[in-house]
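What follows is a single structure, written as structure tokens, with notes after it.
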Amino acid sequence: MAASDPFQQVDIWQSDAQRVLYTQLCNAFYAREIALLVAEPNEQRLRKRLKSLPFYIERAAAAVVNGQVPFQLDPHNGSWLDKQKLRPPNEKSNDDFYQQHKKVGLIVPLLLNRANQTRVAIDSIDQVSDNKLHCNEHGWFDDQGQPLEGQSVVLLKPTKATMAAACCGHQWSFDKRTTPRTLSLREMLLAGNINWRNLKRPHVRVKKI
């Protein structure tokens, strides 16, 4: 009999350490999200976000516990840690990656440039066509990774370095390193589903028997 999806129901862990880590992460995510919700001015949107909050917090915590992200985890604030490069990634190193490897479900890094601040974000491809692709949050791009809707963002080629920057919230101001940002719950969930064995392919989760 197949076990329940660990990202929908977390009731069985392999060790006490996993249970402790899951609890720590849930606490960290709740503290973080509540601080953000305080600033939500729209009452209807606030109610909607509060209603869905437990679901997304549990999914994100489970993704971290069950994932295999190759970076150090700070469980007290729910963040990944890795050495930050002196300069942002080079956005011109995509070659023909997206012409050959764009696939629905592929998790990808993006370089955002806004008001003299550069940061690396993480998103997933949800639509592809002959010469363009669509990222769930950041919109349409051509096969060279350039935006098609005027966004101040470009796709980066998924490598260990660019994915590290995305997962660890690395950012720069005037091309100098600044304090890493905290990832959203959605980004933490995506990071837990990266196929680290082959960054060119979406992660396929095998259900436990």
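Letters A, B, ... go to the chains of the structure tokens in the order shown; residues in each chain start at 1; ligands are counted from 1 in the same order.
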DSSP alpha helix (DSSP H) residues within range 59-190 of chain A, as an NGL selection string
:A and (59-66 or 97-101 or 160-167 or 185-190)
Put those residues in a file: N, CA, C and O atoms, as a short mmCIF file (atom, residue, chain, number, x, y, z; two decimals), in the first residue's frame.
data_model
loop_
_atom_site.label_atom_id
_atom_site.label_comp_id
_atom_site.auth_asym_id
_atom_site.auth_seq_id
_atom_site.Cartn_x
_atom_site.Cartn_y
_atom_site.Cartn_z
N ARG A 59 3.81 22.34 4.01
CA ARG A 59 4.42 21.85 2.77
C ARG A 59 5.88 22.31 2.67
O ARG A 59 6.75 21.54 2.27
N ALA A 60 6.12 23.58 2.99
CA ALA A 60 7.48 24.10 2.88
C ALA A 60 8.41 23.41 3.89
O ALA A 60 9.54 23.04 3.55
N ALA A 61 7.94 23.22 5.12
CA ALA A 61 8.76 22.54 6.13
C ALA A 61 9.04 21.10 5.73
O ALA A 61 10.16 20.60 5.88
N ALA A 62 8.03 20.41 5.20
CA ALA A 62 8.21 19.03 4.75
C ALA A 62 9.17 18.95 3.58
O ALA A 62 9.98 18.02 3.48
N ALA A 63 9.11 19.94 2.67
CA ALA A 63 10.02 19.96 1.53
C ALA A 63 11.46 20.08 1.99
O ALA A 63 12.37 19.44 1.43
N VAL A 64 11.70 20.89 3.01
CA VAL A 64 13.05 21.06 3.53
C VAL A 64 13.53 19.78 4.21
O VAL A 64 14.63 19.30 3.97
N VAL A 65 12.68 19.19 5.06
CA VAL A 65 13.06 17.99 5.81
C VAL A 65 13.32 16.82 4.87
O VAL A 65 14.27 16.05 5.05
N ASN A 66 12.47 16.66 3.85
CA ASN A 66 12.57 15.52 2.96
C ASN A 66 13.47 15.77 1.75
O ASN A 66 13.81 14.84 1.03
N PHE A 97 21.00 26.92 -23.63
CA PHE A 97 20.43 26.01 -22.64
C PHE A 97 18.92 25.90 -22.78
O PHE A 97 18.35 24.80 -22.85
N TYR A 98 18.23 27.03 -22.83
CA TYR A 98 16.76 26.99 -22.83
C TYR A 98 16.18 26.57 -24.17
O TYR A 98 15.03 26.11 -24.22
N GLN A 99 16.95 26.68 -25.24
CA GLN A 99 16.50 26.13 -26.52
C GLN A 99 16.42 24.61 -26.44
O GLN A 99 15.53 24.00 -27.02
N GLN A 100 17.35 24.02 -25.71
CA GLN A 100 17.44 22.56 -25.66
C GLN A 100 16.72 21.93 -24.47
O GLN A 100 16.24 20.81 -24.57
N HIS A 101 16.66 22.65 -23.35
CA HIS A 101 16.25 22.00 -22.10
C HIS A 101 15.03 22.59 -21.42
O HIS A 101 14.72 22.21 -20.29
N LYS A 160 25.26 24.75 -10.33
CA LYS A 160 25.39 24.68 -8.88
C LYS A 160 25.54 26.09 -8.28
O LYS A 160 24.96 26.41 -7.25
N ALA A 161 26.29 26.96 -8.97
CA ALA A 161 26.53 28.31 -8.45
C ALA A 161 25.27 29.17 -8.49
O ALA A 161 24.95 29.86 -7.52
N THR A 162 24.54 29.15 -9.62
CA THR A 162 23.35 30.00 -9.72
C THR A 162 22.23 29.47 -8.82
O THR A 162 21.48 30.26 -8.23
N MET A 163 22.11 28.15 -8.69
CA MET A 163 21.10 27.59 -7.81
C MET A 163 21.43 27.85 -6.34
O MET A 163 20.54 28.07 -5.52
N ALA A 164 22.72 27.86 -6.01
CA ALA A 164 23.14 28.19 -4.65
C ALA A 164 22.73 29.63 -4.32
O ALA A 164 22.19 29.91 -3.24
N ALA A 165 22.98 30.53 -5.26
CA ALA A 165 22.63 31.93 -5.04
C ALA A 165 21.12 32.09 -4.89
O ALA A 165 20.65 32.87 -4.05
N ALA A 166 20.34 31.34 -5.69
CA ALA A 166 18.88 31.42 -5.61
C ALA A 166 18.36 30.86 -4.30
O ALA A 166 17.51 31.46 -3.64
N CYS A 167 18.85 29.69 -3.91
CA CYS A 167 18.35 29.02 -2.70
C CYS A 167 18.76 29.75 -1.42
O CYS A 167 18.05 29.67 -0.41
N LEU A 185 7.92 31.30 1.27
CA LEU A 185 7.54 29.90 1.45
C LEU A 185 7.54 29.18 0.10
O LEU A 185 7.97 28.02 0.01
N ARG A 186 7.05 29.84 -0.93
CA ARG A 186 7.01 29.24 -2.25
C ARG A 186 8.41 28.90 -2.73
O ARG A 186 8.66 27.82 -3.29
N GLU A 187 9.36 29.80 -2.53
CA GLU A 187 10.73 29.55 -2.96
C GLU A 187 11.37 28.42 -2.15
O GLU A 187 12.12 27.61 -2.70
N MET A 188 11.08 28.34 -0.87
CA MET A 188 11.61 27.24 -0.06
C MET A 188 11.06 25.90 -0.55
O MET A 188 11.77 24.90 -0.59
N LEU A 189 9.79 25.89 -0.94
CA LEU A 189 9.19 24.67 -1.47
C LEU A 189 9.84 24.28 -2.79
O LEU A 189 10.15 23.10 -3.02
N LEU A 190 10.07 25.26 -3.66
CA LEU A 190 10.75 24.98 -4.92
C LEU A 190 12.16 24.46 -4.69
O LEU A 190 12.60 23.50 -5.35
#
Excluding range 151-159 of chain A and any residue of its chain fewer than 3 positions from it, enumerate the residues within 9 Å of it, using only C-alpha atoms, and give them as a compact mmCIF listing (two decimals) with C-alpha atoms, in the first residue's frame.
# COMPACT_ATOMS: atom_id res chain seq x y z
CA PRO A 89 26.15 35.67 -11.77
CA ASN A 90 26.83 36.46 -15.43
CA GLU A 91 23.53 36.65 -17.27
CA LYS A 92 25.26 36.11 -20.63
CA SER A 93 26.32 32.50 -19.96
CA ASN A 94 23.04 30.81 -20.93
CA ASP A 95 24.38 29.63 -24.31
CA PHE A 97 20.43 26.01 -22.64
CA TYR A 98 16.76 26.99 -22.83
CA ILE A 107 13.04 24.84 -11.54
CA VAL A 108 15.17 27.76 -12.70
CA PRO A 109 17.19 30.69 -11.30
CA LEU A 110 16.55 34.30 -12.36
CA LEU A 111 18.56 37.50 -12.00
CA LEU A 112 16.49 40.50 -10.86
CA ASN A 113 17.80 44.07 -11.21
CA ARG A 114 15.85 46.75 -9.40
CA VAL A 120 18.86 35.84 -7.61
CA HIS A 138 7.90 36.03 -13.47
CA GLY A 139 6.17 35.71 -16.85
CA PHE A 141 10.96 34.78 -21.67
CA GLN A 144 17.90 33.24 -24.62
CA GLY A 145 16.39 33.98 -21.20
CA GLN A 146 15.43 37.57 -22.03
CA PRO A 147 12.08 38.92 -20.76
CA LEU A 148 9.20 39.45 -23.20
CA THR A 162 23.35 30.00 -9.72
CA MET A 163 21.10 27.59 -7.81
CA ALA A 164 23.14 28.19 -4.65
CA LEU A 199 19.69 20.35 -13.01
CA LYS A 200 18.53 20.05 -16.63
State, in Å with one decimal place, the distance from CA of Thr178 in chain A to CA of Lys85 in chain A.
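These atoms are spaced 10.7 Å apart.
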Residue among A:Arg181, A:Lys132, A:Arg47, A:Arg201 lying closest to Glu149 in chain A, counting only C-alpha atoms
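Checking each candidate against Glu149 in chain A, we get A:Lys132 as the closest.
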Pairwise distance for CA of Leu53 in chain A and CA of Phe29 in chain A, rounded to one decimal in Å
9.6 Å
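Neighbouring residues of Pro54 in chain A at 12 Å or closer, counting only C-alpha atoms and skipping chain neighbours under 3 positions away, are Gln8, Gln9, Cys26, Asn27, Phe29, Tyr30, Glu33, Ile34, Lys48, Arg49, Leu50, Lys51, Ile57, Glu58, Arg59, Ala60, Ala61 and Leu185 of chain A.
Each of A:Gln127, A:Ser184, A:Gln117, A:Asn42 was compared to Gly105 in chain A using only C-alpha atoms, and A:Gln127 turns out to be the nearest.
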Looking at only C-alpha atoms, which of A:Glu43, A:Trp196, A:Leu183, A:Gly78 is the one that sits closest to Ala28 in chain A?
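Checking each candidate against Ala28 in chain A, we get A:Gly78 as the closest.
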Just asking: which residues within range 6-203 of chain A are strand (DSSP E) according to DSSP, as a count of residues only?
43
